[in-house]
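Colleague: Enclosed is the structure file work.tsv (TSV, C-alpha atoms).
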chain	number	residue	atom	x	y	z
A	1	MET	CA	0.00	0.00	0.00
A	2	ASN	CA	1.47	3.39	-0.95
A	3	ARG	CA	1.66	6.19	1.58
A	4	ILE	CA	-1.08	8.34	-0.01
A	5	GLN	CA	-3.55	5.46	0.00
A	6	GLN	CA	-2.63	4.68	3.60
A	7	LYS	CA	-3.41	8.28	4.54
A	8	LYS	CA	-6.75	8.21	2.74
A	9	ASP	CA	-7.67	4.99	4.54
A	10	TYR	CA	-6.70	6.60	7.84
A	11	LEU	CA	-8.90	9.57	6.98
A	12	LYS	CA	-11.89	7.30	6.31
A	13	GLN	CA	-11.29	5.32	9.51
A	14	SER	CA	-11.13	8.55	11.52
A	15	LEU	CA	-14.45	9.74	10.10
A	16	SER	CA	-15.95	6.36	10.94
A	17	LEU	CA	-14.92	6.82	14.58
A	18	LEU	CA	-16.33	10.34	14.61
A	19	ARG	CA	-19.70	9.07	13.38
A	20	ASP	CA	-20.14	7.44	16.78
A	21	LYS	CA	-20.30	10.97	18.21
A	22	PHE	CA	-21.89	12.80	15.29
A	23	SER	CA	-24.61	10.98	13.42
A	24	ASN	CA	-24.86	13.80	10.87
A	25	ILE	CA	-21.45	13.02	9.36
A	26	PRO	CA	-22.31	11.73	5.87
A	27	ALA	CA	-21.41	8.26	4.63
A	28	ASP	CA	-18.07	7.88	2.85
A	29	LYS	CA	-19.68	7.93	-0.58
A	30	SER	CA	-20.91	11.47	0.16
A	31	VAL	CA	-17.55	12.72	1.42
A	32	ILE	CA	-14.64	14.04	-0.63
A	33	HIS	CA	-11.47	12.63	0.96
A	34	LYS	CA	-8.26	14.54	0.27
A	35	VAL	CA	-4.68	14.60	1.55
A	36	ALA	CA	-3.33	18.16	1.66
A	37	SER	CA	0.09	19.61	2.39
A	38	PRO	CA	0.05	22.87	4.38
A	39	LEU	CA	3.60	23.35	3.14
A	40	ARG	CA	1.90	24.07	-0.19
A	41	LEU	CA	-1.04	26.26	0.80
A	42	GLU	CA	-1.88	27.00	-2.82
A	43	HIS	CA	-2.46	23.28	-3.25
A	44	ALA	CA	-4.78	23.28	-0.22
A	45	LYS	CA	-6.68	26.26	-1.63
A	46	GLY	CA	-7.14	24.40	-4.89
A	47	ILE	CA	-8.48	21.33	-3.09
A	48	VAL	CA	-11.01	23.40	-1.13
A	49	ALA	CA	-12.17	25.39	-4.16
A	50	ASP	CA	-12.54	22.25	-6.27
A	51	ALA	CA	-14.46	20.47	-3.50
A	52	ILE	CA	-16.88	23.37	-3.09
A	53	LEU	CA	-17.62	23.35	-6.82
A	54	LYS	CA	-18.22	19.59	-6.79
A	55	ILE	CA	-20.49	19.70	-3.72
A	56	MET	CA	-22.50	22.62	-5.13
A	57	ASN	CA	-23.07	20.74	-8.39
A	58	ASP	CA	-23.59	17.21	-7.08
A	59	HIS	CA	-26.33	16.70	-4.48
A	60	ASN	CA	-24.81	13.32	-3.57
A	61	LEU	CA	-21.70	15.04	-2.17
A	62	GLN	CA	-22.07	16.73	1.22
A	63	MET	CA	-18.71	17.10	2.96
A	64	LEU	CA	-14.96	17.66	2.53
A	65	ALA	CA	-12.47	15.76	4.73
A	66	LEU	CA	-8.81	16.80	4.69
A	67	LEU	CA	-5.79	15.03	6.17
A	68	VAL	CA	-2.83	17.32	6.89
A	69	ASN	CA	0.52	16.75	8.55
A	70	SER	CA	0.69	20.10	10.37
A	71	CYS	CA	-0.51	23.71	10.55
A	72	ARG	CA	-4.18	22.89	10.85
A	73	SER	CA	-4.91	26.53	11.64
A	74	GLU	CA	-3.76	27.65	8.18
A	75	VAL	CA	-6.03	25.13	6.44
A	76	VAL	CA	-8.95	26.02	8.71
A	77	LYS	CA	-8.53	29.68	7.75
A	78	ILE	CA	-8.77	28.72	4.08
A	79	LEU	CA	-11.88	26.61	4.71
A	80	ASN	CA	-13.60	29.37	6.67
A	81	GLU	CA	-12.68	32.00	4.10
A	82	TYR	CA	-13.84	29.99	1.08
A	83	SER	CA	-17.02	28.66	2.69
A	84	GLU	CA	-17.99	32.15	3.85
A	85	LYS	CA	-17.41	33.53	0.39
A	86	TYR	CA	-18.78	30.74	-1.80
A	87	PHE	CA	-20.73	28.11	0.14
A	88	LYS	CA	-21.68	28.73	3.77
A	89	GLU	CA	-23.32	25.30	4.15
A	90	LEU	CA	-20.02	23.49	3.61
A	91	LYS	CA	-19.37	20.68	6.08
A	92	TRP	CA	-15.72	19.87	6.66
A	93	ALA	CA	-13.22	18.02	8.82
A	94	VAL	CA	-9.49	18.66	9.15
A	95	ILE	CA	-7.52	15.79	10.69
A	96	ASP	CA	-3.78	15.57	11.22
A	97	GLU	CA	-1.47	12.60	11.59
A	98	PHE	CA	-1.29	13.01	15.37
A	99	GLY	CA	-5.03	12.26	15.47
A	100	SER	CA	-6.26	15.77	16.25
A	101	VAL	CA	-9.41	16.81	14.42
A	102	ILE	CA	-11.23	20.08	13.84
A	103	LEU	CA	-14.78	19.46	12.71
A	104	LYS	CA	-17.50	21.76	11.42
A	105	LEU	CA	-20.87	20.25	10.59
A	106	ASN	CA	-23.21	23.20	10.84
A	107	THR	CA	-22.82	26.93	10.43
A	108	ASN	CA	-24.52	27.39	13.80
A	109	ILE	CA	-22.17	25.05	15.68
A	110	ALA	CA	-18.74	26.09	16.87
A	111	THR	CA	-15.70	24.19	15.70
A	112	HIS	CA	-15.09	21.02	17.73
A	113	ASN	CA	-11.72	19.57	18.71
A	114	TYR	CA	-11.25	15.85	19.36
A	115	LEU	CA	-8.36	13.41	19.49
A	116	LEU	CA	-8.28	10.22	17.40
A	117	PRO	CA	-5.71	7.41	17.29
A	118	PRO	CA	-2.58	8.65	15.46
A	119	LEU	CA	-1.60	7.52	11.99
A	120	LEU	CA	0.55	4.41	12.38
A	121	ASP	CA	3.17	2.92	10.09
A	122	ASP	CA	2.29	0.47	7.35
A	123	LEU	CA	4.59	-2.54	7.65
A	124	GLU	CA	4.90	-2.65	3.86
A	125	GLU	CA	6.52	0.79	3.77
A	126	SER	CA	10.23	1.10	3.07
A	127	SER	CA	12.53	1.02	6.08
A	128	GLU	CA	13.46	4.68	5.60
A	129	SER	CA	9.82	5.79	5.49
A	130	SER	CA	8.84	3.58	8.41
A	131	ASP	CA	11.77	4.85	10.46
A	132	PHE	CA	10.81	8.44	9.78
A	133	TYR	CA	7.14	8.06	10.68
A	134	ALA	CA	8.02	5.99	13.74
A	135	LYS	CA	9.99	8.99	14.94
A	136	SER	CA	6.93	11.18	14.47
A	137	THR	CA	5.08	9.35	17.25
A	138	ASN	CA	7.97	10.22	19.59
A	139	TYR	CA	8.02	13.90	18.74
A	140	PHE	CA	7.25	14.85	22.34
A	141	SER	CA	9.86	12.58	23.88
A	142	ALA	CA	11.76	13.75	26.96
A	143	ILE	CA	14.60	15.09	24.80
A	144	ASN	CA	12.31	16.79	22.30
A	145	GLN	CA	10.29	18.56	24.99
A	146	ASN	CA	13.51	20.17	26.15
A	147	LEU	CA	14.48	21.10	22.58
A	148	LEU	CA	11.03	22.52	21.89
A	149	LYS	CA	11.24	24.85	24.85
A	150	ILE	CA	14.67	26.09	23.80
A	151	VAL	CA	13.50	26.84	20.27
A	152	ILE	CA	10.23	28.47	21.36
A	153	TYR	CA	11.87	30.58	24.05
A	154	HIS	CA	14.68	31.65	21.76
A	155	TRP	CA	12.10	32.72	19.21
A	156	ARG	CA	10.00	34.57	21.81
A	157	LEU	CA	13.05	36.37	23.13
A	158	PHE	CA	14.08	37.65	19.71
A	159	LYS	CA	10.79	37.63	17.83
A	160	ASN	CA	11.14	41.31	16.94
A	161	ALA	CA	14.71	40.87	15.77
A	162	THR	CA	16.01	39.50	12.48
A	163	GLU	CA	19.00	37.17	12.38
A	164	GLN	CA	19.04	36.88	16.17
A	165	GLY	CA	15.81	34.93	15.96
A	166	TYR	CA	17.63	31.98	14.39
A	167	LEU	CA	19.37	29.01	15.99
A	168	SER	CA	21.91	26.79	14.29
A	169	ALA	CA	22.03	23.06	14.96
A	170	SER	CA	25.32	23.51	16.82
A	171	GLU	CA	23.78	26.19	19.07
A	172	LEU	CA	20.82	23.93	19.80
A	173	ILE	CA	23.17	21.08	20.72
A	174	LEU	CA	25.09	23.38	23.06
A	175	LYS	CA	22.00	24.85	24.74
A	176	SER	CA	20.22	21.51	25.15
A	177	ASN	CA	23.26	19.39	26.05
A	178	VAL	CA	22.00	16.48	23.93
A	179	SER	CA	23.59	14.55	21.09
A	180	GLN	CA	23.94	15.79	17.53
A	181	ALA	CA	21.85	12.84	16.32
A	182	SER	CA	18.96	13.78	18.63
A	183	VAL	CA	19.03	17.39	17.48
A	184	SER	CA	19.23	16.33	13.83
A	185	ASN	CA	16.18	14.08	14.19
A	186	PHE	CA	14.30	16.85	15.98
A	187	ILE	CA	15.15	19.41	13.29
A	188	ARG	CA	14.29	17.02	10.48
A	189	TYR	CA	10.84	16.27	11.81
A	190	SER	CA	10.19	19.89	12.85
A	191	LEU	CA	10.94	21.04	9.32
A	192	GLU	CA	8.65	18.37	7.90
A	193	LYS	CA	5.87	19.43	10.27
A	194	ASN	CA	6.60	23.06	9.36
A	195	TYR	CA	7.22	23.98	13.01
A	196	LEU	CA	10.70	25.19	12.05
A	197	LEU	CA	11.70	27.33	9.08
A	198	LYS	CA	15.14	26.96	7.53
A	199	HIS	CA	17.28	29.91	6.49
A	200	LYS	CA	18.82	28.51	3.31
A	201	ILE	CA	21.92	30.68	3.20
A	202	HIS	CA	23.20	30.37	6.75
A	203	ASN	CA	21.71	26.94	7.58
A	204	LEU	CA	19.89	28.38	10.58
A	205	TYR	CA	16.44	27.52	11.91
A	206	LYS	CA	13.64	29.73	13.15
A	207	PHE	CA	10.41	28.84	14.91
A	208	ASN	CA	7.28	29.21	12.78
A	209	ASN	CA	4.87	31.29	14.83
A	210	ASN	CA	1.99	30.46	12.48
A	211	CYS	CA	2.10	26.88	13.76
A	212	LEU	CA	2.52	27.67	17.47
A	213	GLU	CA	-1.13	27.16	18.34
A	214	ASP	CA	-1.22	23.79	16.57
A	215	LEU	CA	2.00	22.76	18.29
A	216	LEU	CA	0.66	23.66	21.73
A	217	GLU	CA	-2.51	21.67	21.07
A	218	ASP	CA	-0.53	18.62	19.92
A	219	TRP	CA	1.77	18.91	22.91
A	220	SER	CA	-1.06	19.30	25.41
A	221	PHE	CA	-2.83	16.20	24.09
A	222	TYR	CA	0.39	14.21	24.40
A	223	TYR	CA	0.97	15.61	27.88
A	224	LYS	CA	-2.49	14.60	29.06
A	225	ASN	CA	-2.18	11.01	27.87
A	226	ASN	CA	1.50	10.25	28.44
A	227	TYR	CA	2.97	12.38	31.21
A	228	GLY	CA	2.23	10.08	34.12
A	229	LYS	CA	0.04	10.32	37.17
A	230	ALA	CA	0.62	12.86	39.91
A	231	ILE	CA	0.61	11.56	43.50
A	232	ARG	CA	-1.78	13.58	45.64
A	233	PHE	CA	-1.08	14.63	49.20
A	234	ILE	CA	-2.60	17.09	51.64
A	235	SER	CA	-1.05	19.41	54.18
A	236	TYR	CA	-0.63	18.01	57.68
A	237	ASP	CA	-2.82	20.63	59.34
A	238	THR	CA	-5.19	23.46	58.47
A	239	THR	CA	-2.70	26.20	59.40
A	240	TYR	CA	-0.38	25.22	56.55
A	241	SER	CA	0.05	28.35	54.43
A	242	ILE	CA	1.43	29.04	50.96
A	243	ASP	CA	4.26	31.01	52.56
A	244	THR	CA	5.18	27.98	54.67
A	245	LEU	CA	5.19	25.78	51.58
A	246	LEU	CA	7.39	28.20	49.62
A	247	LEU	CA	9.88	28.42	52.48
A	248	LYS	CA	10.13	24.63	52.65
A	249	VAL	CA	10.58	24.41	48.87
A	250	LYS	CA	13.47	26.87	49.07
A	251	VAL	CA	15.09	24.75	51.79
A	252	LEU	CA	14.75	21.63	49.64
A	253	ARG	CA	16.35	23.48	46.75
A	254	ASP	CA	19.23	24.51	49.00
A	255	HIS	CA	19.65	20.84	49.91
A	256	ASN	CA	20.20	20.03	46.21
A	257	ILE	CA	16.79	18.49	45.62
A	258	ARG	CA	15.70	19.23	42.06
A	259	ILE	CA	12.34	20.85	42.58
A	260	ALA	CA	10.04	23.32	40.83
A	261	ILE	CA	6.53	24.65	41.41
A	262	GLY	CA	4.17	24.33	38.46
A	263	GLY	CA	0.53	24.86	37.58
A	264	PHE	CA	-1.74	27.50	39.08
A	265	LEU	CA	0.56	28.48	41.95
A	266	ALA	CA	3.51	29.10	39.62
A	267	LEU	CA	1.31	31.35	37.50
A	268	GLU	CA	0.16	33.27	40.57
A	269	LEU	CA	3.75	33.77	41.70
A	270	GLN	CA	4.54	35.16	38.24
A	271	LYS	CA	1.43	37.38	38.42
A	272	LEU	CA	-0.03	35.60	35.41
A	273	ASN	CA	-2.99	34.00	37.13
A	274	TYR	CA	-6.36	34.51	35.48
A	275	VAL	CA	-8.16	32.21	37.93
A	276	SER	CA	-8.21	33.57	41.48
A	277	ASP	CA	-8.66	30.30	43.38
A	278	ILE	CA	-5.89	27.70	43.24
A	279	PRO	CA	-7.62	24.29	42.98
A	280	ASP	CA	-4.44	22.37	43.78
A	281	ILE	CA	-0.68	22.84	43.94
A	282	ARG	CA	1.67	20.98	41.60
A	283	ILE	CA	5.31	20.43	42.51
A	284	TYR	CA	7.89	18.63	40.38
A	285	THR	CA	10.67	16.85	42.24
A	286	ASP	CA	13.30	14.21	41.61
A	287	ASN	CA	12.65	12.64	45.03
A	288	ILE	CA	8.97	12.34	45.93
A	289	LYS	CA	9.43	10.50	49.25
A	290	TYR	CA	11.99	12.94	50.64
A	291	THR	CA	10.02	15.94	49.38
A	292	LYS	CA	6.79	14.64	50.91
A	293	ASP	CA	8.46	14.20	54.31
A	294	GLU	CA	10.19	17.58	54.26
A	295	LEU	CA	7.00	19.38	53.24
A	296	ASP	CA	5.08	17.72	56.10
A	297	LEU	CA	2.50	16.15	53.81
A	298	ILE	CA	0.22	13.20	54.40
A	299	GLU	CA	-1.35	10.93	51.84
A	300	TYR	CA	-4.64	12.04	50.30
A	301	GLN	CA	-7.38	9.52	51.04
A	302	SER	CA	-10.69	11.16	50.19
A	303	GLN	CA	-12.34	14.53	49.70
A	304	ASP	CA	-13.44	14.39	53.33
A	305	ASP	CA	-9.81	14.88	54.39
A	306	VAL	CA	-9.39	18.08	52.40
A	307	THR	CA	-11.45	20.56	54.45
A	308	GLY	CA	-9.19	23.47	55.35
A	309	ARG	CA	-6.12	21.85	53.82
A	310	LYS	CA	-4.17	22.24	50.60
A	311	ILE	CA	-4.11	19.49	47.97
A	312	ILE	CA	-0.54	19.13	46.75
A	313	GLU	CA	0.44	17.00	43.75
A	314	LEU	CA	4.00	15.71	43.66
A	315	VAL	CA	5.26	14.65	40.26
A	316	SER	CA	8.49	12.95	39.25
A	317	PRO	CA	8.75	14.12	35.63
A	318	LYS	CA	9.75	11.83	32.79
A	319	ALA	CA	11.26	14.78	30.93
A	320	GLU	CA	13.49	16.11	33.71
A	321	ALA	CA	15.51	18.43	31.47
A	322	SER	CA	12.28	19.95	30.19
A	323	ILE	CA	11.32	20.82	33.78
A	324	PHE	CA	14.49	21.51	35.71
A	325	SER	CA	16.45	23.22	32.91
A	326	HIS	CA	13.79	25.88	32.39
A	327	ILE	CA	13.17	27.29	35.87
A	328	MET	CA	12.08	30.92	35.85
A	329	ASN	CA	12.91	32.02	39.39
A	330	LYS	CA	16.18	31.17	41.12
A	331	ASP	CA	14.96	32.08	44.62
A	332	ILE	CA	11.68	30.17	44.48
A	333	PRO	CA	12.00	27.58	41.69
A	334	ILE	CA	9.06	28.03	39.31
A	335	CYS	CA	8.32	26.15	36.09
A	336	ASP	CA	8.48	28.05	32.83
A	337	ILE	CA	5.34	29.45	31.25
A	338	ILE	CA	5.04	26.66	28.67
A	339	GLN	CA	5.09	24.03	31.40
A	340	CYS	CA	2.50	25.99	33.38
A	341	TYR	CA	0.30	26.09	30.28
A	342	LEU	CA	0.55	22.30	29.94
A	343	ASP	CA	-0.14	21.84	33.66
A	344	VAL	CA	-3.42	23.75	33.69
A	345	ARG	CA	-4.64	22.96	30.17
A	346	HIS	CA	-6.56	19.83	31.20
A	347	LYS	CA	-7.59	20.81	34.72
A	348	ALA	CA	-11.33	20.66	35.25
A	349	SER	CA	-11.42	23.66	37.59
A	350	ARG	CA	-11.24	26.45	35.01
A	351	GLY	CA	-7.95	25.13	33.68
A	352	MET	CA	-8.87	25.68	30.02
A	353	GLU	CA	-9.79	29.28	30.81
A	354	GLN	CA	-6.43	29.87	32.47
A	355	ALA	CA	-4.57	28.14	29.62
A	356	ASP	CA	-6.31	30.27	26.98
A	357	PHE	CA	-5.33	33.40	28.89
A	358	ILE	CA	-1.68	32.31	28.94
A	359	LYS	CA	-1.72	31.39	25.27
A	360	LYS	CA	-3.21	34.68	24.13
A	361	SER	CA	-1.42	37.02	26.52
A	362	VAL	CA	2.06	35.46	26.57
A	363	LEU	CA	2.71	32.66	24.10
A	364	LEU	CA	1.08	33.83	20.87
Mind turning this structure into structure tokens?
Modeller:
Amino acid sequence: MNRIQQKKDYLKQSLSLLRDKFSNIPADKSVIHKVASPLRLEHAKGIVADAILKIMNDHNLQMLALLVNSCRSEVVKILNEYSEKYFKELKWAVIDEFGSVILKLNTNIATHNYLLPPLLDDLEESSESSDFYAKSTNYFSAINQNLLKIVIYHWRLFKNATEQGYLSASELILKSNVSQASVSNFIRYSLEKNYLLKHKIHNLYKFNNNCLEDLLEDWSFYYKNNYGKAIRFISYDTTYSIDTLLLKVKVLRDHNIRIAIGGFLALELQKLNYVSDIPDIRIYTDNIKYTKDELDLIEYQSQDDVTGRKIIELVSPKAEASIFSHIMNKDIPICDIIQCYLDVRHKASRGMEQADFIKKSVLL
């Protein structure tokens, strides 16, 4: 099976899964299935325009489904622009190879975001192709999370500059302290996904801000499903204050425990909190048992134990470099803003609201 056919089959399978949630998704025979490359936006525009003409002239066709490898936001802009101008009733779905989907079935319904199983390798593919796409499923590995933060922060720091906004592979190796092979794989896939742009003359790389929102969405979905479970504790007594906690964290740091405060509390300490109440406190540490004892915490049993106490989550991160190499405050160790975004993004207690505030006010 060639790669294009594999992608079309994946697109059809994804729509089949979505029909379990949305009965008004048409049958495959009424859907135009296309594979588009956001690296060639003119090609995507042609696909959308051609599909609109076909749907307008054939009552058996009702929907356009597009599979893209990255930059969903750019394709969605094209779909919205063309449907508004030529055919407002257009139904469409944009799905990427990570399994994220943006779906619009009715002009009166807001765009929906869901996560499907990612596109997997076909065993009949060549070894080179299989190796490349296997790497794609590990894009948010421990090493790559560290590299992503370096690239994004370097771009944010110099986003109003010109050449200073670029990083060479050698600079990235130096800043991340990882192997040349790891950086090369990261750059290769980032270029393919269009997250990085290459400066042809100087062989330098710059972050593509147009894809930042897509990247954050992909990363947050990975984070939710793969980052591991936090262990919940509560403070020993009801007089336990935030100031007491911060003092104890500083002592742990002085005792060479790798530790950093994340989530809502870190945002409040950076004066970036949009949500006034802190639902829980997240702390990253390389030694949960020692940290728990030094912070005077007891194990969380049930909600009945919480009254008047703080819920504190202790997490031993898989991607230690991504946490402990990007601390924002040397006195009180605080996670960087990207990590805080990931921490709150999936929290039920107004976490999405806080994450959107961070994304719009700081990251984008």
Colleague: For Ser276 of chain A, which residue among A:Glu294, A:Glu353, A:Asp50, A:Glu84 is the nearest when counting all atoms listed in the file?
Modeller: A:Glu353
Colleague: Quick one, how far is atom CA of Phe357 of chain A from atom CA of Asn69 of chain A?
Modeller: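 Going from atom CA of Phe357 of chain A over to atom CA of Asn69 of chain A covers 26.9 Å.
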Colleague: Skip segment 343-346 of chain A itself and residues of its chain fewer than 3 positions away, then list as a list in words all residues within 6 Å of it, counting all atoms listed in the file.
Modeller: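 Listed by chain and then number, they are Gly263, Cys340, Gly351, Met352 and Ala355 of chain A.
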Colleague: Given 8 Å of margin on each side, can you work out the centre and size in Å (one decimal) of an axis-aligned box holding every listed atom of segment 94-98 of chain A, as JSON?
Modeller:
{"center_x": -5.4, "center_y": 15.6, "center_z": 12.3, "size_x": 24.2, "size_y": 22.1, "size_z": 22.2}
Colleague: For the point (14.3, 26.3, 25.8) in the file's frame, write as a list in words all residues with an atom no more than 9 Å away, counting all atoms listed in the file.
Modeller: Gln145, Asn146, Leu147, Leu148, Lys149, Ile150, Val151, Ile152, Tyr153, His154, Lys175, Ser176, Ser322, Ser325 and His326 of chain A
Colleague: How many Å lie between atom CA of Asn210 of chain A and atom CA of Leu167 of chain A, rounded to one decimal?
Modeller: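 Computing it gives 17.8 Å between the two atoms.
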Colleague: Rank nothing, just name the residue among A:Asn208, A:Asn57, A:Asn329, A:Gln301 nearest to Gln270 of chain A, using only C-alpha atoms.
Modeller: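 Looking at the shortest contact to Gln270 of chain A, the residue is A:Asn329.
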Colleague: With only C-alpha atoms as the atoms that count, which of A:Ile32, A:Val75, A:Leu215, A:Ala65 lies nearest to Lys45 of chain A?
Modeller: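 Nearest candidate to Lys45 of chain A out of A:Ile32, A:Val75, A:Leu215, A:Ala65: A:Val75.
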Colleague: Using only C-alpha atoms, which of A:Tyr236, A:Tyr10, A:Phe22, A:Phe140 sits nearest Asp96 of chain A?
Modeller: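 Under the stated criterion, the closest residue is A:Tyr10.
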